[in-house]
$ cat coords01.cif   # mmCIF, C-alpha atoms
data_structure
loop_
_atom_site.label_atom_id
_atom_site.label_comp_id
_atom_site.auth_asym_id
_atom_site.auth_seq_id
_atom_site.Cartn_x
_atom_site.Cartn_y
_atom_site.Cartn_z
CA MET B 13 -19.67 -24.99 -22.92
CA ASN B 14 -16.60 -22.85 -22.26
CA ILE B 15 -15.47 -23.72 -18.76
CA ILE B 16 -12.19 -21.98 -18.00
CA GLY B 17 -11.29 -23.49 -14.64
CA PRO B 18 -11.76 -23.06 -10.91
CA ASP B 19 -12.34 -19.44 -9.86
CA TYR B 20 -12.71 -20.27 -6.17
CA LEU B 21 -12.67 -23.25 -3.82
CA VAL B 22 -14.94 -22.74 -0.81
CA PHE B 23 -14.17 -24.28 2.59
CA GLY B 24 -16.14 -24.57 5.85
CA VAL B 25 -13.45 -24.52 8.54
CA ASP B 26 -13.30 -24.89 12.31
CA ASP B 27 -10.68 -22.18 12.92
CA LEU B 28 -11.07 -19.01 10.84
CA VAL B 29 -8.15 -17.28 12.58
CA ALA B 30 -5.71 -20.13 11.88
CA CYS B 31 -6.91 -20.41 8.27
CA SER B 32 -6.57 -16.65 7.71
CA GLU B 33 -3.03 -16.77 9.05
CA PHE B 34 -2.18 -19.74 6.86
CA LEU B 35 -3.68 -18.38 3.63
CA THR B 36 -2.00 -15.00 4.08
CA ALA B 37 1.37 -16.59 4.85
CA PHE B 38 0.95 -18.81 1.77
CA GLY B 39 0.90 -15.61 -0.25
CA LEU B 40 -2.80 -14.98 -0.89
CA THR B 41 -4.32 -11.54 -0.30
CA PRO B 42 -7.48 -11.01 1.78
CA ALA B 43 -10.16 -9.37 -0.37
CA GLY B 44 -13.12 -8.19 1.68
CA VAL B 45 -12.45 -10.62 4.53
CA ASP B 46 -14.30 -10.02 7.82
CA ASP B 47 -14.84 -12.03 11.00
CA LYS B 48 -17.10 -14.42 9.07
CA GLY B 49 -14.33 -15.19 6.57
CA GLY B 50 -14.14 -14.30 2.90
CA LEU B 51 -11.92 -14.53 -0.16
CA PHE B 52 -8.13 -14.86 -0.16
CA GLU B 53 -7.03 -14.22 -3.70
CA ALA B 54 -4.09 -14.88 -5.98
CA LEU B 55 -2.83 -12.12 -8.26
CA ASP B 56 -5.52 -12.82 -10.88
CA GLY B 57 -8.41 -12.76 -8.38
CA THR B 58 -8.98 -16.53 -8.21
CA GLY B 59 -8.56 -18.05 -4.77
CA ILE B 60 -9.90 -19.63 -1.60
CA ILE B 61 -13.09 -18.64 0.23
CA ILE B 62 -13.37 -19.62 3.90
CA ARG B 63 -16.41 -19.54 6.19
CA HIS B 64 -17.00 -21.13 9.57
CA LYS B 65 -18.26 -24.67 9.06
CA SER B 66 -21.54 -23.75 10.79
CA ASP B 67 -22.20 -20.82 8.41
CA PRO B 68 -25.73 -21.37 7.04
CA ASP B 69 -24.79 -19.80 3.70
CA LEU B 70 -22.45 -22.71 2.88
CA PRO B 71 -23.61 -25.69 0.82
CA ALA B 72 -24.10 -28.85 2.89
CA PRO B 73 -20.91 -30.66 3.98
CA LEU B 74 -19.89 -34.07 2.68
CA PRO B 75 -20.14 -36.77 5.40
CA THR B 76 -16.35 -37.10 5.62
CA ALA B 77 -13.41 -35.19 7.10
CA THR B 78 -13.15 -32.88 4.10
CA MET B 79 -13.75 -29.16 4.67
CA LEU B 80 -14.34 -28.47 0.96
CA ARG B 81 -17.87 -27.13 0.54
CA GLN B 82 -18.02 -25.92 -3.06
CA GLN B 83 -16.03 -25.65 -6.28
CA VAL B 84 -16.79 -22.44 -8.16
CA TYR B 85 -16.02 -22.73 -11.86
CA GLY B 86 -15.50 -19.72 -14.07
CA VAL B 87 -17.04 -19.80 -17.57
CA ARG B 88 -16.66 -17.42 -20.49
CA ASP B 89 -20.14 -15.85 -20.67
CA ASP B 90 -23.84 -16.16 -19.87
CA ALA B 91 -24.46 -18.51 -22.78
CA ASP B 92 -22.14 -21.04 -21.10
CA ILE B 93 -24.15 -20.78 -17.88
CA GLU B 94 -27.32 -21.48 -19.87
CA ALA B 95 -25.74 -24.45 -21.64
CA ILE B 96 -24.58 -25.96 -18.33
CA ALA B 97 -27.98 -25.33 -16.71
CA ALA B 98 -29.73 -27.05 -19.63
CA GLU B 99 -27.38 -30.05 -19.57
CA LEU B 100 -27.28 -30.65 -15.83
CA GLY B 101 -30.98 -29.77 -15.44
CA LYS B 102 -31.79 -33.01 -17.25
CA ASP B 103 -31.17 -35.15 -14.19
CA ARG B 104 -30.64 -32.89 -11.18
CA LYS B 105 -31.81 -29.74 -9.52
CA VAL B 106 -30.02 -26.62 -10.73
CA HIS B 107 -30.52 -23.54 -8.57
CA ARG B 108 -30.43 -20.16 -10.27
CA LEU B 109 -29.16 -17.35 -8.08
CA ALA B 110 -30.09 -13.68 -8.42
CA ASP B 111 -26.58 -12.79 -9.61
CA GLY B 112 -26.89 -15.02 -12.68
CA THR B 113 -24.84 -17.90 -11.29
CA ILE B 114 -26.07 -21.47 -10.93
CA GLU B 115 -25.50 -24.09 -8.23
CA THR B 116 -25.82 -27.85 -8.32
CA THR B 117 -23.93 -31.01 -7.28
CA ASP B 118 -21.91 -33.59 -9.14
CA ASP B 119 -22.66 -37.33 -9.03
CA PHE B 120 -20.90 -37.75 -5.66
CA GLY B 121 -22.49 -34.79 -3.92
CA PHE B 122 -19.61 -32.32 -4.38
CA ALA B 123 -21.25 -28.90 -4.56
CA LEU B 124 -20.61 -26.92 -7.74
CA LYS B 125 -21.22 -23.35 -8.78
CA PHE B 126 -20.78 -21.82 -12.21
CA GLN B 127 -20.24 -18.13 -12.79
CA VAL B 128 -19.00 -15.88 -15.56
CA THR B 129 -15.38 -15.87 -14.53
CA LYS B 130 -14.26 -13.10 -12.22
CA ARG B 131 -10.56 -13.69 -12.85
CA ARG B 132 -8.49 -10.73 -14.00
CA LYS B 133 -6.25 -11.00 -17.03
CA LEU B 134 -2.64 -11.16 -15.87
CA GLU B 135 0.12 -9.48 -17.78
CA MET B 136 3.35 -10.46 -16.09
CA PRO B 137 6.58 -11.97 -17.39
CA ALA B 138 7.36 -15.64 -16.76
CA GLU B 139 10.59 -16.51 -15.00
CA LYS B 140 13.42 -15.76 -17.40
CA ILE B 141 16.45 -17.98 -17.81
CA ASN B 142 19.74 -17.79 -19.69
CA ALA B 143 21.30 -20.78 -21.43
CA PRO B 144 24.15 -21.17 -23.91
CA GLY B 145 22.90 -21.51 -27.47
CA ALA B 146 19.70 -19.58 -26.87
CA PRO B 147 19.09 -15.84 -26.82
CA ALA B 148 19.50 -14.44 -23.31
CA GLN B 149 16.14 -13.97 -21.63
CA ARG B 150 17.68 -11.70 -19.00
CA GLY B 151 19.81 -8.97 -20.45
CA PRO B 152 23.02 -7.52 -19.02
CA ASN B 153 22.70 -6.52 -15.35
CA GLU B 154 19.23 -8.07 -15.01
CA LEU B 155 19.35 -10.26 -11.89
CA GLY B 156 17.72 -13.68 -11.49
CA VAL B 157 17.31 -13.61 -7.71
CA TRP B 158 17.51 -11.01 -4.98
CA ASP B 159 16.56 -10.79 -1.31
CA GLY B 160 12.93 -9.82 -0.94
CA MET B 161 12.04 -10.83 -4.50
CA PRO B 162 8.29 -11.31 -4.99
CA ALA B 163 6.96 -14.88 -5.03
CA LYS B 164 3.18 -14.64 -4.94
CA PRO B 165 0.69 -17.23 -6.21
CA ARG B 166 -0.59 -15.98 -9.55
CA MET B 167 -3.61 -18.18 -10.23
CA LEU B 168 -5.64 -21.03 -8.74
CA SER B 169 -4.38 -23.95 -10.81
CA HIS B 170 -6.13 -27.18 -9.94
CA ALA B 171 -7.94 -29.32 -7.42
CA VAL B 172 -7.47 -33.02 -6.77
CA LEU B 173 -10.43 -34.95 -5.45
CA PHE B 174 -10.74 -38.26 -3.64
CA VAL B 175 -13.66 -40.01 -5.35
CA PRO B 176 -15.06 -43.51 -4.86
CA ASP B 177 -15.57 -44.29 -8.57
CA ILE B 178 -13.34 -42.97 -11.35
CA GLU B 179 -15.73 -44.00 -14.13
CA VAL B 180 -18.58 -42.05 -12.62
CA ALA B 181 -16.43 -39.00 -11.89
CA THR B 182 -14.86 -38.98 -15.35
CA GLY B 183 -18.24 -39.54 -17.01
CA PHE B 184 -19.73 -36.55 -15.25
CA TYR B 185 -16.93 -34.08 -15.92
CA CYS B 186 -16.11 -35.25 -19.47
CA GLN B 187 -19.48 -36.21 -20.92
CA ARG B 188 -21.62 -33.65 -19.13
CA LEU B 189 -19.22 -30.72 -18.80
CA GLY B 190 -16.83 -31.22 -21.70
CA PHE B 191 -13.60 -31.82 -19.79
CA VAL B 192 -10.80 -33.66 -21.66
CA ILE B 193 -8.50 -36.37 -20.27
CA THR B 194 -4.87 -35.39 -20.81
CA ASP B 195 -3.11 -38.32 -19.09
CA VAL B 196 -3.98 -41.23 -16.79
CA LEU B 197 -2.18 -42.62 -13.77
CA LYS B 198 -3.58 -46.14 -13.70
CA GLY B 199 -4.59 -47.17 -10.20
CA ALA B 200 -5.20 -43.54 -9.21
CA GLY B 201 -7.07 -41.73 -11.95
CA PRO B 202 -7.12 -39.25 -14.85
CA PHE B 203 -5.88 -35.69 -15.28
CA LEU B 204 -8.56 -33.43 -16.75
CA ARG B 205 -8.66 -30.01 -18.33
CA PRO B 206 -11.78 -28.10 -19.31
CA LYS B 207 -12.18 -27.41 -23.05
CA ASP B 208 -11.43 -23.73 -22.64
CA ASN B 209 -8.17 -24.15 -20.70
CA ASP B 210 -4.93 -25.45 -22.16
CA ASP B 211 -3.26 -26.27 -18.82
CA HIS B 212 -2.37 -29.98 -18.50
CA HIS B 213 -4.89 -30.27 -15.68
CA THR B 214 -7.26 -28.29 -13.55
CA LEU B 215 -8.70 -31.45 -12.01
CA PHE B 216 -7.34 -34.86 -11.06
CA PHE B 217 -9.10 -37.78 -9.38
CA ILE B 218 -7.73 -40.35 -6.96
CA ARG B 219 -9.86 -43.42 -6.31
CA THR B 220 -10.48 -43.97 -2.60
CA PRO B 221 -13.05 -45.56 -0.31
CA GLU B 222 -16.30 -43.63 0.15
CA TYR B 223 -15.32 -42.48 3.66
CA MET B 224 -12.39 -40.49 2.23
CA LYS B 225 -14.43 -38.54 -0.32
CA GLY B 226 -13.16 -34.97 -0.42
CA ILE B 227 -10.30 -32.81 -1.61
CA GLU B 228 -6.76 -34.22 -1.58
CA HIS B 229 -4.98 -31.02 -2.56
CA LEU B 230 -5.26 -27.75 -4.40
CA ALA B 231 -2.58 -25.82 -6.21
CA PHE B 232 -1.63 -22.32 -7.24
CA HIS B 233 0.52 -21.42 -10.23
CA MET B 234 3.72 -19.50 -9.50
CA GLY B 235 5.74 -17.46 -11.99
CA GLY B 236 8.39 -20.16 -12.35
CA PRO B 237 10.45 -22.73 -10.46
CA THR B 238 12.52 -20.07 -8.70
CA GLU B 239 9.43 -18.33 -7.34
CA LEU B 240 8.17 -21.74 -6.20
CA MET B 241 11.43 -22.47 -4.39
CA VAL B 242 11.56 -19.00 -2.85
CA ALA B 243 7.93 -19.11 -1.66
CA GLY B 244 8.30 -22.65 -0.30
CA SER B 245 11.58 -21.91 1.47
CA ARG B 246 10.09 -18.84 3.13
CA PHE B 247 7.04 -20.87 4.14
CA VAL B 248 9.18 -23.57 5.76
CA LYS B 249 11.28 -20.94 7.52
CA SER B 250 8.08 -19.49 9.00
CA GLY B 251 7.31 -22.88 10.57
CA TYR B 252 4.83 -24.35 8.07
CA GLU B 253 4.88 -28.09 7.45
CA SER B 254 6.17 -29.40 4.13
CA PHE B 255 4.40 -32.57 2.99
CA TRP B 256 6.00 -33.44 -0.37
CA GLY B 257 8.59 -31.64 -2.42
CA PRO B 258 10.05 -29.64 -3.90
CA GLY B 259 10.18 -31.71 -7.05
CA ARG B 260 8.92 -31.91 -10.59
CA HIS B 261 6.04 -34.07 -11.75
CA LYS B 262 6.28 -36.13 -14.94
CA PHE B 263 2.70 -35.82 -16.21
CA GLY B 264 2.14 -32.08 -16.59
CA SER B 265 5.87 -31.35 -16.09
CA ASN B 266 4.94 -28.95 -13.32
CA TRP B 267 7.25 -28.24 -10.42
CA PHE B 268 5.55 -28.94 -7.08
CA TRP B 269 5.84 -28.33 -3.37
CA TYR B 270 3.01 -29.45 -1.07
CA PHE B 271 2.22 -28.24 2.45
CA ASN B 272 -0.18 -29.27 5.21
CA SER B 273 -2.93 -26.77 6.05
CA PRO B 274 -5.63 -26.10 8.65
CA LEU B 275 -8.17 -26.46 5.81
CA GLY B 276 -7.78 -30.26 5.87
CA THR B 277 -6.07 -30.44 2.49
CA HIS B 278 -2.65 -29.91 1.02
CA PHE B 279 -1.74 -26.59 -0.55
CA GLU B 280 0.65 -26.86 -3.47
CA TYR B 281 2.80 -24.27 -5.16
CA ASP B 282 3.15 -25.33 -8.79
CA ALA B 283 5.03 -23.85 -11.72
CA ASP B 284 5.70 -24.33 -15.41
CA MET B 285 2.93 -26.76 -16.32
CA ASP B 286 2.60 -28.23 -19.83
CA LYS B 287 -0.04 -26.90 -22.22
CA HIS B 288 -2.17 -29.14 -24.43
CA ASP B 289 -4.68 -28.93 -27.24
CA ASP B 290 -7.15 -31.41 -28.71
CA GLU B 291 -4.43 -33.04 -30.83
CA TRP B 292 -2.85 -34.50 -27.70
CA ILE B 293 -3.21 -38.23 -27.11
CA ALA B 294 -3.46 -39.17 -23.43
CA ARG B 295 -0.59 -41.22 -21.98
CA GLU B 296 -0.94 -43.90 -19.32
CA ALA B 297 1.44 -44.91 -16.58
CA PRO B 298 0.99 -47.06 -13.46
CA PHE B 299 0.52 -44.91 -10.38
CA GLY B 300 3.56 -44.94 -8.12
CA PRO B 301 6.64 -42.97 -7.09
CA GLU B 302 8.42 -43.44 -10.44
CA ALA B 303 5.55 -42.13 -12.55
CA SER B 304 4.71 -39.34 -10.13
CA GLN B 305 7.89 -37.35 -10.32
CA MET B 306 10.95 -36.70 -12.45
CA PHE B 307 12.89 -35.92 -9.31
CA LEU B 308 12.18 -35.25 -5.65
CA LEU B 309 14.20 -33.01 -3.36
CA GLN B 310 13.84 -32.13 0.28
CA HIS B 311 14.30 -28.82 2.01
CA ARG B 312 17.20 -28.39 4.42
CA GLU B 313 18.41 -25.43 6.40
CA LYS B 314 20.82 -23.11 4.63
CA TRP B 315 24.40 -24.33 4.78
CA VAL B 316 27.60 -23.47 3.01
CA PRO B 317 30.76 -25.42 2.28
CA GLY B 318 33.83 -23.41 3.22
CA GLY B 319 37.54 -23.87 2.66
CA GLY B 320 38.03 -26.31 5.53
CA PRO B 321 39.40 -25.48 8.99
CA LYS B 322 39.68 -21.78 9.77
CA PRO B 323 43.26 -20.42 9.78
CA ASP B 324 43.32 -20.22 13.59
CA GLN B 325 42.24 -23.83 14.10
CA MET H 18 15.07 -38.80 27.69
CA ARG H 19 13.80 -35.39 28.85
CA LEU H 20 11.31 -33.59 26.58
CA CYS H 21 10.36 -30.52 28.63
CA GLN H 22 9.08 -29.29 31.96
CA THR H 23 5.49 -30.38 32.67
CA ASP H 24 4.37 -26.75 32.61
CA GLY H 25 5.88 -26.44 29.14
CA ILE H 26 2.64 -27.83 27.76
CA PRO H 27 -0.43 -25.91 28.99
CA GLU H 28 -3.80 -27.64 29.38
CA GLY H 29 -5.44 -28.30 26.01
CA GLU H 30 -2.29 -27.67 24.01
CA ALA H 31 0.26 -29.77 22.14
CA ARG H 32 3.92 -29.53 21.25
CA GLY H 33 6.17 -31.39 18.86
CA PHE H 34 9.70 -32.50 19.84
CA GLU H 35 12.48 -33.56 17.54
CA ILE H 36 14.24 -36.57 19.06
CA ALA H 37 17.73 -37.54 17.98
CA GLY H 38 17.55 -40.83 16.11
CA PHE H 39 13.79 -40.65 15.46
CA ALA H 40 12.53 -40.20 11.90
CA HIS H 41 9.40 -38.55 13.30
CA LYS H 42 8.82 -35.92 15.95
CA VAL H 43 7.02 -36.84 19.16
CA VAL H 44 3.77 -34.97 19.84
CA VAL H 45 2.97 -34.36 23.50
CA VAL H 46 -0.52 -33.14 24.41
CA ARG H 47 -2.11 -32.28 27.75
CA ARG H 48 -5.78 -32.98 28.30
CA GLY H 49 -7.70 -33.08 31.60
CA GLY H 50 -4.40 -32.72 33.44
CA ARG H 51 -3.03 -35.88 31.83
CA ILE H 52 -0.16 -36.08 29.37
CA PHE H 53 -0.34 -38.18 26.19
CA ALA H 54 2.42 -38.68 23.61
CA TYR H 55 2.41 -40.07 20.06
CA LEU H 56 4.69 -40.22 17.07
CA ASP H 57 4.03 -37.31 14.71
CA SER H 58 3.19 -39.79 12.01
CA CYS H 59 -0.23 -40.09 10.41
CA PRO H 60 -0.95 -43.77 9.63
CA HIS H 61 -2.76 -42.88 6.37
CA TYR H 62 0.38 -43.38 4.27
CA GLU H 63 3.04 -46.05 4.62
CA GLY H 64 5.95 -44.66 6.61
CA GLY H 65 3.75 -41.98 8.16
CA THR H 66 3.59 -38.27 7.40
CA PRO H 67 3.88 -35.23 9.69
CA MET H 68 0.56 -33.96 10.99
CA ALA H 69 0.89 -30.30 12.05
CA TRP H 70 0.06 -27.39 9.73
CA LYS H 71 2.65 -25.24 11.47
CA ALA H 72 5.13 -25.84 14.30
CA ASP H 73 3.22 -27.21 17.34
CA ARG H 74 -0.22 -26.83 15.64
CA TYR H 75 -1.46 -30.41 16.03
CA LEU H 76 -5.00 -29.93 17.33
CA ASN H 77 -8.18 -29.28 15.37
CA GLY H 78 -9.71 -25.81 15.61
CA GLU H 79 -11.93 -26.72 18.55
CA GLY H 80 -9.05 -28.34 20.42
CA THR H 81 -11.02 -31.56 20.87
CA HIS H 82 -8.80 -33.89 18.82
CA LEU H 83 -5.33 -34.37 17.47
CA ALA H 84 -5.63 -33.68 13.75
CA CYS H 85 -3.62 -34.61 10.69
CA HIS H 86 -3.54 -31.47 8.60
CA SER H 87 -2.92 -33.46 5.44
CA HIS H 88 -6.56 -34.46 4.98
CA GLY H 89 -8.27 -33.42 8.19
CA ALA H 90 -8.19 -36.80 9.98
CA LEU H 91 -9.16 -36.55 13.66
CA PHE H 92 -7.65 -38.72 16.42
CA GLU H 93 -8.87 -39.14 20.00
CA ILE H 94 -6.37 -37.50 22.29
CA GLU H 95 -6.62 -40.23 24.94
CA THR H 96 -6.36 -43.28 22.66
CA GLY H 97 -4.84 -42.04 19.38
CA GLU H 98 -7.66 -43.73 17.45
CA CYS H 99 -8.70 -42.12 14.17
CA VAL H 100 -12.42 -41.32 14.39
CA LEU H 101 -12.79 -39.37 11.12
CA GLY H 102 -10.74 -39.26 7.95
CA PRO H 103 -8.66 -41.41 5.62
CA CYS H 104 -7.15 -43.61 8.35
CA LEU H 105 -10.47 -44.36 10.07
CA GLY H 106 -10.03 -47.06 12.71
CA GLN H 107 -6.23 -46.90 12.66
CA ARG H 108 -4.21 -45.49 15.52
CA LEU H 109 -1.33 -43.16 16.14
CA THR H 110 1.73 -44.84 17.64
CA LYS H 111 1.77 -44.20 21.37
CA VAL H 112 5.05 -43.07 22.93
CA PRO H 113 5.35 -43.94 26.64
CA VAL H 114 6.20 -40.92 28.77
CA ARG H 115 6.46 -40.29 32.51
CA ILE H 116 6.83 -37.31 34.81
CA SER H 117 10.15 -37.35 36.63
CA PRO H 118 10.48 -36.41 40.32
CA SER H 119 11.89 -33.06 39.21
CA GLY H 120 8.81 -32.35 37.08
CA ASP H 121 10.15 -33.15 33.65
CA ILE H 122 8.23 -34.99 30.94
CA GLU H 123 10.48 -37.88 29.92
CA MET H 124 10.27 -40.42 27.15
CA VAL H 125 10.52 -43.90 28.62
CA ARG H 126 11.77 -46.01 25.76
CA GLU H 127 14.39 -46.01 23.06
CA PRO H 128 13.23 -45.78 19.44
CA ALA H 129 12.32 -49.04 17.71
CA GLU H 130 14.26 -50.01 14.58
CA GLU H 131 11.58 -48.79 12.15
CA GLU H 132 11.43 -45.42 13.88
CA LEU H 133 15.08 -44.58 13.33
CA GLY H 134 15.73 -41.86 10.76
#
$ encode --input "coords01.cif" --output "structure tokens"
Amino acid sequence: MNIIGPDYLVFGVDDLVACSEFLTAFGLTPAGVDDKGGLFEALDGTGIIIRHKSDPDLPAPLPTATMLRQQVYGVRDDADIEAIAAELGKDRKVHRLADGTIETTDDFGFALKFQVTKRRKLEMPAEKINAPGAPAQRGPNELGVWDGMPAKPRMLSHAVLFVPDIEVATGFYCQRLGFVITDVLKGAGPFLRPKDNDDHHTLFFIRTPEYMKGIEHLAFHMGGPTELMVAGSRFVKSGYESFWGPGRHKFGSNWFWYFNSPLGTHFEYDADMDKHDDEWIAREAPFGPEASQMFLLQHREKWVPGGGPKPDQ
Amino acid sequence: MRLCQTDGIPEGEARGFEIAGFAHKVVVVRRGGRIFAYLDSCPHYEGGTPMAWKADRYLNGEGTHLACHSHGALFEIETGECVLGPCLGQRLTKVPVRISPSGDIEMVREPAEEELG
């Protein structure tokens, strides 16, 4: 059961114009978007699909404030679709669509879809750094930053869900779909990665009351911490609302910067996440500010220290 | 303290104001010809978090409620009560405002201790 990770997250929104503006400003590219919505994609083709909340083609909404309507997981090939259909068909209805994809729901009613992944293979360099004692990653005359440098989300990274019962959620994704727990924040929940993805997490749960069930945030991978800072700074300068960050998480080691959105969830830029294999033994830490971040910074307007009073003062 | 002219906030719209000394902005919204003002501070998390998704974008898409664009919580414009979302049953902190004789929207009180930045 080779699940790679989320290809798309689908939202039913109440303001398509505002959401289109937001997603484009965040750095995603409209791909076949019309007045009914559509896909806004990262560089590898993963991304966010928006429709109006009344669109009859959307899966049913959860009875909460969340606008998330479906998680679309990419798998390696048709055999994986068959394996998932056989497993989940044991105790729930699995709909087969004409295009070979399947749809069902998890144990809390979150709608799921599985498809042979549509993501494109990226071939791009990571952010390069120079440090004494190590070979230079940027050669002579190769600049680290410049005005107008690109800082586009490369890939849909992960989703974080509010769920009422961690045991049930973990049981479904691990025992039924083969996800692996990489680390646990006790009091919140576990970080999960699918078997076929070595990222520290593509999914994280936070335990909440039933009436909060939904998506807490979603994240896109950037090319490195500098791209994250550049994208976030530009976003703030354009008037968008920072929620948390920039900073660097402990579990996963990924840099983060979270923003409010008109999709009723936070959008995170992340960068430089840890990779894991099956040899890894999950760590545990109590959920709280100390365990959640190595450091936390806050954006401020550009400023420069000068040499003191000007000569004529 | 003066926030803006009354016509600075059209019917059915909201604006956020930074107030010296306040840790949070003040959101002013006009509905049915009446003016309502709250701290820009969603009660979901301790200490409150800002609610807009972009400068002055505080309302939901239909313009029926103040919204927190963290998790989609909806608040009644007239009462500040959360009617959907993580802070269900909690309220936004009301900020008393009045219209001055010259047509300005003014904040009536000084910030409380816990509101100071």
$ closest_residue --input "coords01.cif" --among "H:Asp57, H:Glu35, H:Glu79, H:Glu123" --to "chain B" --atoms "only C-alpha atoms"
H:Glu79
$ resolve_selection --input "coords01.cif" --expression "the PyMOL selection byres ((chain B and resi 121-137) around 7)" --output "PyMOL selection string"
chain B and resi 19+56-58+71+81-90+93+113-120+138-139
$ resolve_selection --input "coords01.cif" --expression "the PyMOL selection byres ((chain H) within 8 of (chain B))" --output "VMD selection string"
chain H and resid 66 to 72 77 to 79 85 to 91 101 to 103
$ write_last_selection --input "coords01.cif" --atoms "C-alpha atoms" --output "short mmCIF file (atom, residue, chain, number, x, y, z; two decimals), in the frame of the given file"
data_model
loop_
_atom_site.label_atom_id
_atom_site.label_comp_id
_atom_site.auth_asym_id
_atom_site.auth_seq_id
_atom_site.Cartn_x
_atom_site.Cartn_y
_atom_site.Cartn_z
CA THR H 66 3.59 -38.27 7.40
CA PRO H 67 3.88 -35.23 9.69
CA MET H 68 0.56 -33.96 10.99
CA ALA H 69 0.89 -30.30 12.05
CA TRP H 70 0.06 -27.39 9.73
CA LYS H 71 2.65 -25.24 11.47
CA ALA H 72 5.13 -25.84 14.30
CA ASN H 77 -8.18 -29.28 15.37
CA GLY H 78 -9.71 -25.81 15.61
CA GLU H 79 -11.93 -26.72 18.55
CA CYS H 85 -3.62 -34.61 10.69
CA HIS H 86 -3.54 -31.47 8.60
CA SER H 87 -2.92 -33.46 5.44
CA HIS H 88 -6.56 -34.46 4.98
CA GLY H 89 -8.27 -33.42 8.19
CA ALA H 90 -8.19 -36.80 9.98
CA LEU H 91 -9.16 -36.55 13.66
CA LEU H 101 -12.79 -39.37 11.12
CA GLY H 102 -10.74 -39.26 7.95
CA PRO H 103 -8.66 -41.41 5.62
#
$ atom_distance --input "coords01.cif" --atom1 "atom CA of B:His311" --atom2 "atom CA of B:Thr214"
26.6 Å
$ resolve_selection --input "coords01.cif" --expression "the PyMOL selection byres ((chain B and resi 201) around 8)" --output "list of chain:residue names"
B:Ile178, B:Val196, B:Leu197, B:Lys198, B:Gly199, B:Ala200, B:Pro202, B:Phe203, B:Phe216, B:Phe217, B:Ile218, B:Arg219
$ atom_distance --input "coords01.cif" --atom1 "atom CA of B:His288" --atom2 "atom CA of B:Asn14"
15.9 Å
$ atom_distance --input "coords01.cif" --atom1 "atom CA of B:Met167" --atom2 "atom CA of B:Ser265"
17.3 Å
$ closest_residue --input "coords01.cif" --among "H:Pro118, H:Gly50, H:Pro60, H:Gly25" --to "H:Cys104" --atoms "only C-alpha atoms"
H:Pro60
$ closest_residue --input "coords01.cif" --among "H:Ala40, H:Leu105, H:Ile116, H:Val125" --to "H:Cys21" --atoms "only C-alpha atoms"
H:Ile116
$ closest_residue --input "coords01.cif" --among "B:Phe307, B:Ala294, B:Leu230, B:Leu240" --to "B:Gly259" --atoms "only C-alpha atoms"
B:Phe307
$ residues_around --input "coords01.cif" --residues "H:Arg51" --least-positions-apart "4" --cutoff "12 Å" --atoms "only C-alpha atoms" --output "list of chain:residue names"
H:Thr23, H:Asp24, H:Ile26, H:Pro27, H:Glu28, H:Gly29, H:Glu30, H:Ala31, H:Val45, H:Val46, H:Arg47, H:Ile94, H:Glu95, H:Val114, H:Arg115, H:Ile116, H:Ile122
$ write_last_selection --input "coords01.cif" --atoms "C-alpha atoms" --output "PDB file, in the coordinates of the input"
ATOM      1  CA  THR H  23       5.490 -30.380  32.670  1.00  0.00           C
ATOM      2  CA  ASP H  24       4.370 -26.750  32.610  1.00  0.00           C
ATOM      3  CA  ILE H  26       2.640 -27.830  27.760  1.00  0.00           C
ATOM      4  CA  PRO H  27      -0.430 -25.910  28.990  1.00  0.00           C
ATOM      5  CA  GLU H  28      -3.800 -27.640  29.380  1.00  0.00           C
ATOM      6  CA  GLY H  29      -5.440 -28.300  26.010  1.00  0.00           C
ATOM      7  CA  GLU H  30      -2.290 -27.670  24.010  1.00  0.00           C
ATOM      8  CA  ALA H  31       0.260 -29.770  22.140  1.00  0.00           C
ATOM      9  CA  VAL H  45       2.970 -34.360  23.500  1.00  0.00           C
ATOM     10  CA  VAL H  46      -0.520 -33.140  24.410  1.00  0.00           C
ATOM     11  CA  ARG H  47      -2.110 -32.280  27.750  1.00  0.00           C
ATOM     12  CA  ILE H  94      -6.370 -37.500  22.290  1.00  0.00           C
ATOM     13  CA  GLU H  95      -6.620 -40.230  24.940  1.00  0.00           C
ATOM     14  CA  VAL H 114       6.200 -40.920  28.770  1.00  0.00           C
ATOM     15  CA  ARG H 115       6.460 -40.290  32.510  1.00  0.00           C
ATOM     16  CA  ILE H 116       6.830 -37.310  34.810  1.00  0.00           C
ATOM     17  CA  ILE H 122       8.230 -34.990  30.940  1.00  0.00           C
TER      18      ILE H 122
END
$ build_atoms --input "coords01.cif" --residues "stretch 43-47 of chain B" --atoms "N, CA and C atoms" --output "PDB file, in the coordinates of the input"
ATOM      1  N   ALA B  43      -9.385 -10.308   0.439  1.00  0.00           N
ATOM      2  CA  ALA B  43     -10.160  -9.370  -0.370  1.00  0.00           C
ATOM      3  C   ALA B  43     -11.566  -9.306   0.218  1.00  0.00           C
ATOM      4  N   GLY B  44     -11.802  -8.313   1.049  1.00  0.00           N
ATOM      5  CA  GLY B  44     -13.120  -8.190   1.680  1.00  0.00           C
ATOM      6  C   GLY B  44     -13.356  -9.239   2.749  1.00  0.00           C
ATOM      7  N   VAL B  45     -12.307  -9.608   3.486  1.00  0.00           N
ATOM      8  CA  VAL B  45     -12.450 -10.620   4.530  1.00  0.00           C
ATOM      9  C   VAL B  45     -12.886  -9.942   5.835  1.00  0.00           C
ATOM     10  N   ASP B  46     -13.905 -10.524   6.503  1.00  0.00           N
ATOM     11  CA  ASP B  46     -14.300 -10.020   7.820  1.00  0.00           C
ATOM     12  C   ASP B  46     -14.296 -11.176   8.819  1.00  0.00           C
ATOM     13  N   ASP B  47     -14.921 -10.977   9.977  1.00  0.00           N
ATOM     14  CA  ASP B  47     -14.840 -12.030  11.000  1.00  0.00           C
ATOM     15  C   ASP B  47     -15.661 -13.266  10.641  1.00  0.00           C
TER      16      ASP B  47
END
